[in-house]
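Source file: my_file38.cif; contents: mmCIF, C-alpha atoms and all ligand atoms.
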data_upload
#
loop_
_atom_site.label_atom_id
_atom_site.label_comp_id
_atom_site.auth_asym_id
_atom_site.auth_seq_id
_atom_site.Cartn_x
_atom_site.Cartn_y
_atom_site.Cartn_z
CA MET A 1417 55.61 119.83 103.96
CA GLN A 1418 53.84 120.27 100.71
CA LYS A 1419 54.41 120.34 97.04
CA ALA A 1420 57.76 119.36 95.62
CA ALA A 1421 59.64 120.96 92.81
CA SER A 1422 62.57 119.44 91.00
CA LYS A 1423 64.94 122.30 91.83
CA SER A 1424 68.21 121.56 93.49
CA TYR A 1425 68.96 123.90 96.36
CA GLU A 1426 72.49 124.32 97.54
CA PRO A 1427 73.41 126.53 100.44
CA LYS A 1428 76.01 129.14 99.55
CA GLN A 1429 78.71 127.28 101.43
CA SER A 1430 78.34 123.72 102.65
CA ARG A 1431 81.76 122.42 103.65
CA LEU A 1432 80.82 122.29 107.36
CA LYS A 1433 77.58 120.39 106.79
CA ARG A 1434 77.04 116.71 107.42
CA THR A 1435 74.12 114.36 107.73
CA VAL A 1436 74.13 112.86 111.21
CA SER A 1437 73.90 109.13 110.61
CA PHE A 1438 71.79 107.00 112.88
CA SER A 1439 73.74 105.01 115.39
CA LYS A 1440 72.95 102.58 118.17
CA LYS A 1441 76.11 103.67 119.95
CA PHE A 1442 74.26 106.61 121.50
CA THR A 1443 70.89 106.54 123.17
CA ASN A 1444 68.50 109.48 123.26
CA ILE A 1445 65.93 109.36 126.04
CA PHE A 1446 63.14 111.91 125.77
CA PHE A 1447 61.48 111.77 129.15
CA HIS A 1448 58.17 113.62 129.43
CA ILE A 1449 57.77 113.87 133.20
CA LEU A 1450 54.42 115.64 132.90
CA THR A 1451 52.19 116.93 130.11
CA ARG A 1452 50.95 120.06 131.90
CA CYS A 1453 52.07 123.39 130.49
CA ASN A 1454 51.46 127.07 131.15
CA LEU A 1455 51.35 127.80 127.40
CA SER A 1456 49.13 126.56 124.56
CA CYS A 1457 51.35 126.83 121.52
CA ARG A 1458 49.58 126.45 118.20
CA HIS A 1459 51.79 123.57 117.08
CA CYS A 1460 52.07 121.69 120.39
CA TYR A 1461 52.18 117.93 119.79
CA ILE A 1462 51.41 116.98 123.39
CA ASN A 1463 48.09 115.17 123.53
CA PRO A 1464 46.94 114.33 127.06
CA ASP A 1465 44.44 111.80 125.70
CA GLN A 1466 47.33 109.79 124.30
CA HIS A 1467 50.14 110.79 126.63
CA GLY A 1468 48.43 111.00 130.02
CA LYS A 1469 47.69 113.89 132.33
CA GLN A 1470 49.63 112.81 135.35
CA THR A 1471 52.73 114.36 136.84
CA LEU A 1472 55.18 111.60 137.65
CA SER A 1473 56.36 111.48 141.24
CA LEU A 1474 60.06 111.77 141.96
CA SER A 1475 60.11 108.15 142.96
CA ASP A 1476 58.49 107.09 139.66
CA ILE A 1477 60.99 109.21 137.74
CA GLU A 1478 63.84 107.52 139.56
CA SER A 1479 62.41 104.04 139.01
CA TRP A 1480 61.85 104.72 135.32
CA LEU A 1481 65.36 106.12 134.94
CA ARG A 1482 66.64 102.86 136.40
CA VAL A 1483 64.73 101.01 133.66
CA PHE A 1484 67.01 102.75 131.15
CA SER A 1485 70.15 102.79 133.24
CA ALA A 1486 71.90 100.16 131.12
CA HIS A 1487 72.24 102.93 128.49
CA ARG A 1488 73.16 105.65 130.93
CA LYS A 1489 76.77 106.41 130.01
CA SER A 1490 76.08 106.84 126.31
CA ALA A 1491 72.70 108.47 126.85
CA ASN A 1492 71.50 111.95 126.17
CA LEU A 1493 68.69 112.32 128.67
CA ILE A 1494 66.26 115.10 127.88
CA PHE A 1495 63.66 116.12 130.46
CA LEU A 1496 60.64 117.67 128.82
CA GLY A 1497 56.90 118.04 129.18
CA GLY A 1498 54.59 119.89 128.95
CA GLU A 1499 56.80 122.38 130.69
CA PRO A 1500 59.24 120.34 132.81
CA THR A 1501 60.14 123.23 135.11
CA LEU A 1502 56.54 123.12 136.41
CA HIS A 1503 57.57 119.90 138.10
CA PRO A 1504 58.48 120.85 141.67
CA ASP A 1505 61.09 118.09 141.86
CA LEU A 1506 62.83 118.61 138.53
CA SER A 1507 66.08 119.63 140.22
CA LEU A 1508 66.02 116.45 142.30
CA ALA A 1509 65.24 114.37 139.21
CA ILE A 1510 68.24 115.90 137.44
CA ARG A 1511 70.46 115.19 140.44
CA LYS A 1512 69.17 111.63 140.62
CA ALA A 1513 69.87 111.10 136.91
CA ARG A 1514 73.43 112.28 137.45
CA GLU A 1515 73.85 110.02 140.47
CA LEU A 1516 72.63 107.11 138.38
CA GLY A 1517 75.38 107.91 135.87
CA PHE A 1518 73.51 109.48 132.96
CA GLY A 1519 76.21 111.16 130.91
CA SER A 1520 74.28 114.15 129.61
CA VAL A 1521 71.15 115.83 130.93
CA THR A 1522 69.27 118.53 129.01
CA VAL A 1523 66.09 120.39 129.97
CA ASP A 1524 63.77 121.56 127.18
CA THR A 1525 61.85 124.60 128.39
CA ASN A 1526 59.59 127.38 127.15
CA GLY A 1527 61.74 129.77 129.18
CA TYR A 1528 59.45 130.51 132.11
CA LEU A 1529 61.84 128.54 134.34
CA PHE A 1530 59.42 127.82 137.17
CA ASN A 1531 60.35 126.69 140.65
CA ASP A 1532 63.61 128.68 140.64
CA ILE A 1533 65.18 125.92 138.64
CA LEU A 1534 68.32 127.93 137.82
CA GLN A 1535 69.04 128.35 141.53
CA ARG A 1536 68.52 124.68 142.26
CA VAL A 1537 70.81 123.05 139.71
CA THR A 1538 74.33 123.74 138.50
CA PRO A 1539 75.91 123.98 135.04
CA GLU A 1540 77.80 120.80 135.91
CA GLU A 1541 74.49 118.94 136.30
CA VAL A 1542 72.67 120.33 133.26
CA GLU A 1543 74.49 120.20 129.96
CA TYR A 1544 72.02 122.50 128.22
CA PHE A 1545 68.85 124.40 128.87
CA SER A 1546 67.12 124.28 125.51
CA PHE A 1547 64.68 127.15 124.97
CA SER A 1548 61.76 127.02 122.55
CA LEU A 1549 61.18 130.27 120.71
CA ASP A 1550 59.54 130.76 117.34
CA GLY A 1551 60.51 134.25 116.28
CA PRO A 1552 63.04 137.05 116.68
CA ASP A 1553 60.41 139.40 118.12
CA PRO A 1554 57.08 139.25 119.99
CA GLU A 1555 55.15 140.06 116.80
CA THR A 1556 56.30 136.78 115.25
CA ASN A 1557 56.61 134.56 118.30
CA ASP A 1558 53.68 135.49 120.49
CA PRO A 1559 50.82 134.68 118.07
CA ILE A 1560 52.29 131.16 117.96
CA ARG A 1561 53.37 130.62 121.57
CA GLY A 1562 51.24 133.07 123.54
CA ARG A 1563 51.28 136.70 124.60
CA GLY A 1564 54.32 137.66 126.63
CA SER A 1565 56.14 134.42 125.86
CA PHE A 1566 58.87 136.12 123.80
CA GLU A 1567 59.91 138.48 126.60
CA LYS A 1568 59.75 135.70 129.16
CA CYS A 1569 61.82 133.31 127.09
CA VAL A 1570 64.52 135.84 126.22
CA SER A 1571 64.73 136.86 129.85
CA GLY A 1572 65.09 133.17 130.77
CA ILE A 1573 67.92 132.77 128.26
CA TYR A 1574 69.78 135.76 129.69
CA LYS A 1575 69.35 134.45 133.24
CA ALA A 1576 70.58 130.99 132.30
CA VAL A 1577 73.60 132.28 130.39
CA SER A 1578 74.52 134.75 133.14
CA ARG A 1579 74.55 131.87 135.63
CA GLY A 1580 76.99 129.91 133.47
CA PHE A 1581 74.56 127.46 131.84
CA HIS A 1582 74.83 126.52 128.18
CA ALA A 1583 71.73 127.58 126.26
CA SER A 1584 70.38 126.23 123.00
CA LEU A 1585 67.30 127.27 121.09
CA ILE A 1586 64.61 125.36 119.22
CA TYR A 1587 62.88 127.29 116.43
CA THR A 1588 59.91 125.51 114.89
CA VAL A 1589 59.51 126.67 111.32
CA SER A 1590 56.03 127.18 109.90
CA ARG A 1591 54.49 129.38 107.24
CA THR A 1592 53.96 132.05 109.85
CA ASN A 1593 57.60 132.46 110.85
CA ILE A 1594 59.92 131.09 108.16
CA HIS A 1595 60.39 134.61 106.78
CA GLN A 1596 61.94 135.69 110.09
CA LEU A 1597 64.33 132.77 110.55
CA HIS A 1598 67.22 134.68 108.93
CA ARG A 1599 67.18 137.15 111.84
CA MET A 1600 67.82 134.49 114.45
CA PRO A 1601 71.59 133.89 114.15
CA ALA A 1602 72.48 137.49 115.10
CA MET A 1603 69.96 137.44 117.96
CA LEU A 1604 71.33 134.16 119.30
CA GLU A 1605 74.86 135.46 119.16
CA LYS A 1606 73.75 138.50 121.17
CA TRP A 1607 71.96 136.36 123.74
CA GLY A 1608 74.88 133.96 124.21
CA VAL A 1609 73.09 130.89 122.79
CA LYS A 1610 75.46 128.17 121.56
CA ARG A 1611 73.27 125.88 119.48
CA LEU A 1612 70.28 126.25 117.21
CA PHE A 1613 67.85 123.43 116.50
CA ILE A 1614 65.58 124.25 113.59
CA GLN A 1615 62.47 122.12 113.66
CA VAL A 1616 59.64 121.90 111.17
CA ILE A 1617 55.98 121.88 111.98
CA GLY A 1618 54.17 118.67 111.25
CA LEU A 1619 57.12 116.33 111.55
CA ARG A 1620 55.88 115.23 114.90
CA GLY A 1621 52.28 114.70 113.93
CA GLN A 1622 49.32 117.02 114.15
CA SER A 1623 48.91 119.75 116.69
CA ALA A 1624 46.82 118.38 119.52
CA ARG A 1625 45.85 121.80 120.88
CA SER A 1626 44.74 123.43 117.67
CA PRO A 1627 42.95 120.76 115.67
CA GLN A 1628 41.15 123.59 113.90
CA THR A 1629 44.54 124.59 112.47
CA PRO A 1630 45.88 121.37 110.97
CA ALA A 1631 49.63 121.18 110.52
CA GLU A 1632 48.93 120.90 106.81
CA GLY A 1633 47.91 124.56 106.76
CA LEU A 1634 51.04 125.72 108.61
CA GLN A 1635 53.63 123.55 106.92
CA VAL A 1636 56.12 125.21 104.64
CA SER A 1637 56.54 123.97 101.10
CA TYR A 1638 59.47 121.98 99.78
CA ASP A 1639 60.69 125.12 97.96
CA GLN A 1640 60.43 127.34 101.03
CA TRP A 1641 62.22 124.88 103.28
CA LEU A 1642 65.15 124.24 100.97
CA SER A 1643 65.59 127.83 99.86
CA VAL A 1644 65.64 129.25 103.40
CA VAL A 1645 66.70 126.80 106.08
CA PRO A 1646 70.12 125.53 104.85
CA ASN A 1647 71.33 129.07 104.14
CA VAL A 1648 70.27 130.35 107.56
CA ALA A 1649 71.99 127.36 109.13
CA GLU A 1650 75.20 128.18 107.25
CA THR A 1651 75.04 131.79 108.40
CA ALA A 1652 74.55 130.71 112.01
CA ALA A 1653 77.47 128.28 111.83
CA ARG A 1654 79.74 130.95 110.40
CA ILE A 1655 79.21 133.10 113.49
CA GLY A 1656 79.99 130.21 115.82
CA LEU A 1657 76.72 128.33 116.43
CA THR A 1658 76.22 124.60 116.04
CA VAL A 1659 73.04 124.17 114.02
CA SER A 1660 70.91 121.16 113.27
CA TYR A 1661 67.78 120.82 111.20
CA PRO A 1662 65.75 117.93 109.83
CA LYS A 1663 66.80 116.65 106.46
CA VAL A 1664 63.14 116.19 105.49
CA TYR A 1665 63.75 115.33 101.82
CA LEU A 1666 66.14 112.75 100.41
CA GLU A 1667 68.06 113.27 97.19
CA SER A 1668 67.63 110.41 94.72
CA HIS A 1669 71.07 108.96 95.55
CA GLU A 1670 70.60 109.07 99.31
CA PRO A 1671 69.61 105.90 101.16
CA PHE A 1672 66.52 105.79 103.35
CA PHE A 1673 66.90 104.67 106.95
CA CYS A 1674 64.24 104.37 109.64
CA ALA A 1675 65.43 105.43 113.10
CA GLY A 1676 63.09 102.82 114.58
CA LEU A 1677 65.48 100.21 113.16
CA GLU A 1678 68.82 102.01 113.06
CA ALA A 1679 68.91 104.21 116.16
CA ASP A 1680 68.26 103.93 119.86
CA ASN A 1681 65.64 106.50 120.82
CA TYR A 1682 63.00 106.32 123.50
CA PHE A 1683 60.10 108.72 123.90
CA ILE A 1684 58.64 108.17 127.35
CA PHE A 1685 55.27 109.57 128.48
CA PRO A 1686 53.74 109.86 131.94
CA ASN A 1687 51.12 107.20 131.16
CA GLY A 1688 53.95 104.68 130.71
CA ARG A 1689 53.88 104.52 126.92
CA VAL A 1690 57.31 104.32 125.32
CA TYR A 1691 57.63 104.99 121.61
CA ARG A 1692 60.61 104.54 119.28
CA CYS A 1693 59.09 106.80 116.60
CA PRO A 1694 57.80 110.30 117.37
CA LEU A 1695 55.38 110.25 114.45
CA CYS A 1696 53.53 107.38 116.12
CA GLU A 1697 52.90 109.30 119.33
CA ASP A 1698 49.39 110.42 118.43
CA TYR A 1699 48.24 106.80 118.32
CA PRO A 1700 48.33 103.80 120.66
CA LEU A 1701 51.13 102.35 118.51
CA HIS A 1702 53.84 102.34 121.16
CA SER A 1703 56.04 99.26 120.99
CA LEU A 1704 57.01 99.40 124.66
CA GLN A 1705 55.29 100.17 127.94
CA ILE A 1706 56.57 100.69 131.45
CA ARG A 1707 54.61 98.43 133.80
CA GLU A 1708 55.52 98.00 137.45
CA ASN A 1709 58.86 99.63 136.72
CA ARG A 1710 59.72 97.20 133.93
CA LEU A 1711 59.91 97.80 130.20
CA VAL A 1712 57.56 95.36 128.48
CA LYS A 1713 57.03 94.79 124.76
CA MET A 1714 53.59 95.51 123.36
CA PRO A 1715 51.85 92.89 121.20
CA PRO A 1716 51.38 93.54 117.46
CA ILE A 1717 50.21 95.65 115.79
CA ASN A 1718 52.47 98.45 116.95
CA GLU A 1719 54.98 100.90 115.48
CA LYS A 1720 57.63 98.19 115.17
CA ASP A 1721 55.51 96.39 112.58
CA LEU A 1722 55.69 99.48 110.39
CA PHE A 1723 59.43 100.09 110.49
CA ASP A 1724 60.31 97.24 108.11
CA LEU A 1725 57.85 98.25 105.41
CA SER A 1726 59.58 99.64 102.36
CA ILE A 1727 57.66 102.11 100.20
CA PRO A 1728 58.78 104.45 97.40
CA GLU A 1729 57.66 107.47 99.40
CA GLY A 1730 60.23 106.87 102.17
CA CYS A 1731 58.82 107.08 105.70
CA VAL A 1732 55.77 104.87 106.12
CA MET A 1733 54.30 106.83 109.00
CA ASN A 1734 54.60 110.06 107.09
CA LYS A 1735 52.72 108.51 104.19
CA ILE A 1736 50.00 107.21 106.52
CA ILE A 1737 49.37 110.27 108.62
CA GLN A 1738 50.56 113.13 106.41
CA PRO A 1739 49.90 112.04 102.82
CA HIS A 1740 49.72 115.70 101.79
CA ASN A 1741 53.52 115.82 102.33
CA ILE A 1742 54.10 113.73 99.21
CA CYS A 1743 53.94 114.86 95.62
CA TYR A 1744 53.62 112.48 92.63
CA ASP A 1745 54.39 112.80 88.93
CA SER A 1746 51.90 112.00 86.18
CA GLN A 1747 52.89 108.30 86.37
CA GLY A 1748 52.08 108.16 90.09
CA VAL A 1749 55.77 108.02 91.06
CA PRO A 1750 56.71 110.09 94.12
CA LYS A 1751 58.79 113.13 93.09
CA TYR A 1752 60.90 112.76 96.22
CA ARG A 1753 61.15 110.62 99.32
CA VAL A 1754 60.48 111.95 102.79
CA ALA A 1755 63.34 111.12 105.17
CA CYS A 1756 62.87 109.80 108.66
CA CYS A 1757 61.78 112.74 110.82
CA LEU A 1758 64.78 112.10 113.06
CA LEU A 1759 67.39 112.40 110.32
CA LYS A 1760 69.33 115.62 110.82
CA GLU A 1761 71.68 117.82 108.93
CA GLU A 1762 74.21 119.43 111.18
CA ILE A 1763 76.53 122.36 110.59
CA ARG A 1764 79.22 123.15 113.11
CA PRO A 1765 81.72 125.87 113.49
CA PRO A 1766 85.16 124.41 112.78
CA LEU A 1767 86.88 122.36 115.50
CA ILE A 1768 84.16 122.61 118.11
CA GLY A 1769 82.22 119.89 119.92
CA SER A 1770 81.89 116.14 119.78
CA ASP A 1771 79.33 113.64 118.52
CA LYS A 1772 77.57 113.70 121.87
CA ASP A 1773 76.27 117.18 121.09
CA CYS A 1774 73.92 115.76 118.47
CA ILE A 1775 70.74 115.59 120.46
CA PRO A 1776 67.81 115.48 118.06
CA HIS A 1777 65.49 117.81 119.94
CA LEU A 1778 61.91 117.90 118.82
CA ASN A 1779 59.91 120.23 120.90
S1 LIG B 1801 54.94 123.33 122.64
FE1 LIG B 1801 55.96 123.14 124.63
S2 LIG B 1801 55.69 125.16 125.59
FE2 LIG B 1801 54.21 125.03 123.93
S3 LIG B 1801 52.30 124.28 124.87
FE3 LIG B 1801 53.42 122.50 124.09
S4 LIG B 1801 54.62 121.78 125.82
FE4 LIG B 1801 53.99 123.89 126.28
S1 LIG B 1802 59.50 108.80 111.31
FE1 LIG B 1802 59.27 107.18 109.77
S2 LIG B 1802 61.31 106.54 109.30
FE2 LIG B 1802 61.43 107.69 111.25
S3 LIG B 1802 61.22 106.19 112.92
FE3 LIG B 1802 59.16 106.87 112.38
S4 LIG B 1802 58.41 105.40 110.86
FE4 LIG B 1802 60.66 105.19 110.97
#

Translate the structure described by the file into structure tokens.
Amino acid sequence: MQKAASKSYEPKQSRLKRTVSFSKKFTNIFFHILTRCNLSCRHCYINPDQHGKQTLSLSDIESWLRVFSAHRKSANLIFLGGEPTLHPDLSLAIRKARELGFGSVTVDTNGYLFNDILQRVTPEEVEYFSFSLDGPDPETNDPIRGRGSFEKCVSGIYKAVSRGFHASLIYTVSRTNIHQLHRMPAMLEKWGVKRLFIQVIGLRGQSARSPQTPAEGLQVSYDQWLSVVPNVAETAARIGLTVSYPKVYLESHEPFFCAGLEADNYFIFPNGRVYRCPLCEDYPLHSLQIRENRLVKMPPINEKDLFDLSIPEGCVMNKIIQPHNICYDSQGVPKYRVACCLLKEEIRPPLIGSDKDCIPHLN
């Protein structure tokens, strides 16, 4: 995010919109079972130096799931990577999670769907396959995600939907594709996708794979974000999609909350690090670690020590690692506060769904 203006942007019609409050009633477990991937997307946040290079064995996955099993009934469990379908035992991991009682299992994928995953699991076992795609055509998507990735992803969506799976889509907005976002609702309707997660580049730290292209250079401005994203979300909801997107900026009357204090999220990596804040993932700031199949607290200083700090700019981590996201007036007062990166706006079609659909996907 960049420069702020004092304009107030209102989508054309906002009666279906709500801010999804943080809650400890539901747990979101983002389980990176490997960091390997067949693609090298420009904005990828996976950093093997910080997150490990190993592929967890099925037995480690099971043991680590047991570590979190106290939360299982209220948990949204999301398997991700890297590309999780590269894991030869993903189907068994999903089955194991279900046997252990995890209430909802989602797979975030780039759409290549390796290891015949669609033949090896059922729609009863996987609540959603969530596909990452960054444009409505190859010309927009492929320079970001790699040549051929558009065709492959769309073909994966069709295959999943034709087999009876629910499909959702994650669109990461940057300067290179925000102008094409408005074309997505009609495409998603055609493809049979039920939910759209709009993400914004930079909210999960810097790209690890393209350090020569810092997120700062790809991030959309305050004006671009607010003039485009809410209206596209409204359009998508009107044709039947559930849409969520990061709030990013707080209005002056809106309270600031840090998900590290108010929500129950775990971001697990194959090297055993467990974070509560995704913006901390590029640093050894994890507050928890899995050791010998137990969750242990890390000594200070870690991310937890930052959550309580109150600053006029809003999110402390954003201020530390992405100071270019903030804009100040001539008195040095921030023109706006940056919300927690996990705070979402959600727009639903009328009378559809339940709170458990609100999985804050990030990939
Ligand atoms: S963003 Fe996802 S699909 Fe792209 S390189 Fe990273 S892990 Fe792979
Ligand atoms: S992004 Fe900011 S507000 Fe959200 S959990 Fe991290 S430190 Fe807290």

### Query
Taking all atoms listed in the file into account, which of A:Ala1649, A:Ile1617, A:Ile1737, A:Cys1756 comes nearest A:Leu1677?
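The closest residue to A:Leu1677 is A:Cys1756.
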
### Task
Would you list the residues that come within 9 Å of ligand LIG 1801 (chain B)? Count all atoms listed in the file and give the answer as a PyMOL selection string.
chain A and resi 1451-1462+1496-1500+1524-1527+1548-1549+1560-1562+1625+1779

Suppose we keep C-alpha atoms; can you now write the selection as a CSV table (one decimal), in the frame of the given file?
chain,number,residue,atom,x,y,z
A,1451,THR,CA,52.2,116.9,130.1
A,1452,ARG,CA,51.0,120.1,131.9
A,1453,CYS,CA,52.1,123.4,130.5
A,1454,ASN,CA,51.5,127.1,131.2
A,1455,LEU,CA,51.4,127.8,127.4
A,1456,SER,CA,49.1,126.6,124.6
A,1457,CYS,CA,51.4,126.8,121.5
A,1458,ARG,CA,49.6,126.4,118.2
A,1459,HIS,CA,51.8,123.6,117.1
A,1460,CYS,CA,52.1,121.7,120.4
A,1461,TYR,CA,52.2,117.9,119.8
A,1462,ILE,CA,51.4,117.0,123.4
A,1496,LEU,CA,60.6,117.7,128.8
A,1497,GLY,CA,56.9,118.0,129.2
A,1498,GLY,CA,54.6,119.9,129.0
A,1499,GLU,CA,56.8,122.4,130.7
A,1500,PRO,CA,59.2,120.3,132.8
A,1524,ASP,CA,63.8,121.6,127.2
A,1525,THR,CA,61.8,124.6,128.4
A,1526,ASN,CA,59.6,127.4,127.2
A,1527,GLY,CA,61.7,129.8,129.2
A,1548,SER,CA,61.8,127.0,122.6
A,1549,LEU,CA,61.2,130.3,120.7
A,1560,ILE,CA,52.3,131.2,118.0
A,1561,ARG,CA,53.4,130.6,121.6
A,1562,GLY,CA,51.2,133.1,123.5
A,1625,ARG,CA,45.8,121.8,120.9
A,1779,ASN,CA,59.9,120.2,120.9

Taking all atoms listed in the file into account, produce a table as a tab-separated table in which each residue of stretch 1649-1700 of chain A with an atom at most 8 Å from an atom of stretch 1429-1443 of chain A appears once, together with its shortest atom pair and the distance in Å to one decimal, ordered by chain and rising number.
residue	atom	partner	partner_atom	distance
A:Glu1650	CA	A:Gln1429	CA	6.9
A:Lys1663	CA	A:Thr1435	CA	7.8
A:Ala1675	CA	A:Phe1438	CA	6.6
A:Glu1678	CA	A:Phe1438	CA	5.8
A:Ala1679	CA	A:Lys1440	CA	4.8
A:Asp1680	CA	A:Thr1443	CA	5.0
A:Asn1681	CA	A:Thr1443	CA	5.8
A:Tyr1682	CA	A:Thr1443	CA	7.9

### Message
What's the separation between atom CA of A:Asp1465 and atom CA of A:Glu1697, in Å to one decimal place?
### Response
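Spanning atom CA of A:Asp1465 to atom CA of A:Glu1697 is a straight-line distance of 10.9 Å.
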
### Task
Between atom CA of A:Pro1646 and atom CA of A:Tyr1661, measure the distance and give it in Å to one decimal.
8.2 Å

Env. residues ligand LIG 1802 (chain B) / 6 Å / only C-alpha atoms and all ligand atoms / as a CSV table (one decimal) with C-alpha atoms, keeping the file's coordinate frame:
chain,number,residue,atom,x,y,z
A,1674,CYS,CA,64.2,104.4,109.6
A,1675,ALA,CA,65.4,105.4,113.1
A,1676,GLY,CA,63.1,102.8,114.6
A,1693,CYS,CA,59.1,106.8,116.6
A,1695,LEU,CA,55.4,110.2,114.4
A,1723,PHE,CA,59.4,100.1,110.5
A,1731,CYS,CA,58.8,107.1,105.7
A,1732,VAL,CA,55.8,104.9,106.1
A,1733,MET,CA,54.3,106.8,109.0
A,1756,CYS,CA,62.9,109.8,108.7
A,1757,CYS,CA,61.8,112.7,110.8
A,1758,LEU,CA,64.8,112.1,113.1

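Across the model, the gap from atom CA of A:Phe1683 to atom CA of A:Pro1662 is 17.7 Å.
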
#### Entry: Within 10 Å of A:Ile1717 using only C-alpha atoms, minus same-chain residues under 2 positions, as a ChimeraX atom specification
/A:1700-1703,1714-1715,1719-1722

### Message
Could you list, as a list in words, every residue within 12 Å of A:Ala1602, counting only C-alpha atoms and ignoring same-chain residues fewer than 2 positions away?
### Response
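Non-adjacent residues within range: Pro1552, Gln1596, Leu1597, His1598, Arg1599, Met1600, Leu1604, Glu1605, Lys1606, Trp1607, Gly1608, Val1609, Lys1610, Leu1612, Val1648, Ala1649, Thr1651, Ala1652, Ala1653, Arg1654, Ile1655, Gly1656 and Leu1657 of chain A.
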
### Task
Between A:Leu1472, A:Leu1450, A:Ile1445, A:Ile1736, single out the one closest to A:Arg1488, counting only C-alpha atoms.
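For A:Arg1488, the nearest of the candidates is A:Ile1445.
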
Report as CSV the residues of stretch 1457-1508 of chain A within 12 Å of stretch 1536-1540 of chain A, each with its shortest atom pair and distance in Å (one decimal), using all atoms listed in the file, ordered by chain and increasing residue number.
residue,atom,partner,partner_atom,distance
A:Thr1501,CA,A:Arg1536,CA,11.1
A:Pro1504,CA,A:Arg1536,CA,10.8
A:Asp1505,CA,A:Arg1536,CA,9.9
A:Leu1506,CA,A:Arg1536,CA,9.1
A:Ser1507,CA,A:Val1537,CA,5.9
A:Leu1508,CA,A:Val1537,CA,8.6

### Query
Which is closest to A:Ser1520 among A:Tyr1638, A:Trp1480, A:Tyr1574, A:Phe1446, if we use all atoms listed in the file?
A:Phe1446

#### Entry: A:Phe1484 environment, 12 Å, all atoms listed in the file, sequence neighbours closer than 2 positions dropped, as a ChimeraX atom specification
/A:1443-1447,1477-1482,1486-1493,1513,1516-1518,1680-1684,1690,1706,1709-1711

### Task
Would you list the contacts of A:Asn1593 as an MDAnalysis selection string, taking every protein, DNA or RNA residue within 10 Å and counting only C-alpha atoms, but skipping same-chain residues closer than 4 positions in sequence?
chainID A and resid 1550:1552 1555:1557 1560 1587:1589 1597 1634 1636

### Message
Considering all atoms listed in the file, can you say which of A:Gln1635, A:Arg1514, A:Ser1571, A:Pro1601 comes closest to A:Asn1647?
### Response
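Counting all atoms listed in the file, the residue closest to A:Asn1647 is A:Pro1601.
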
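For the residues A:Leu1666, A:Ile1533, A:Val1616, A:Cys1696, ranking by smallest atom-to-atom distance to A:His1503 using all atoms listed in the file places A:Ile1533 first.
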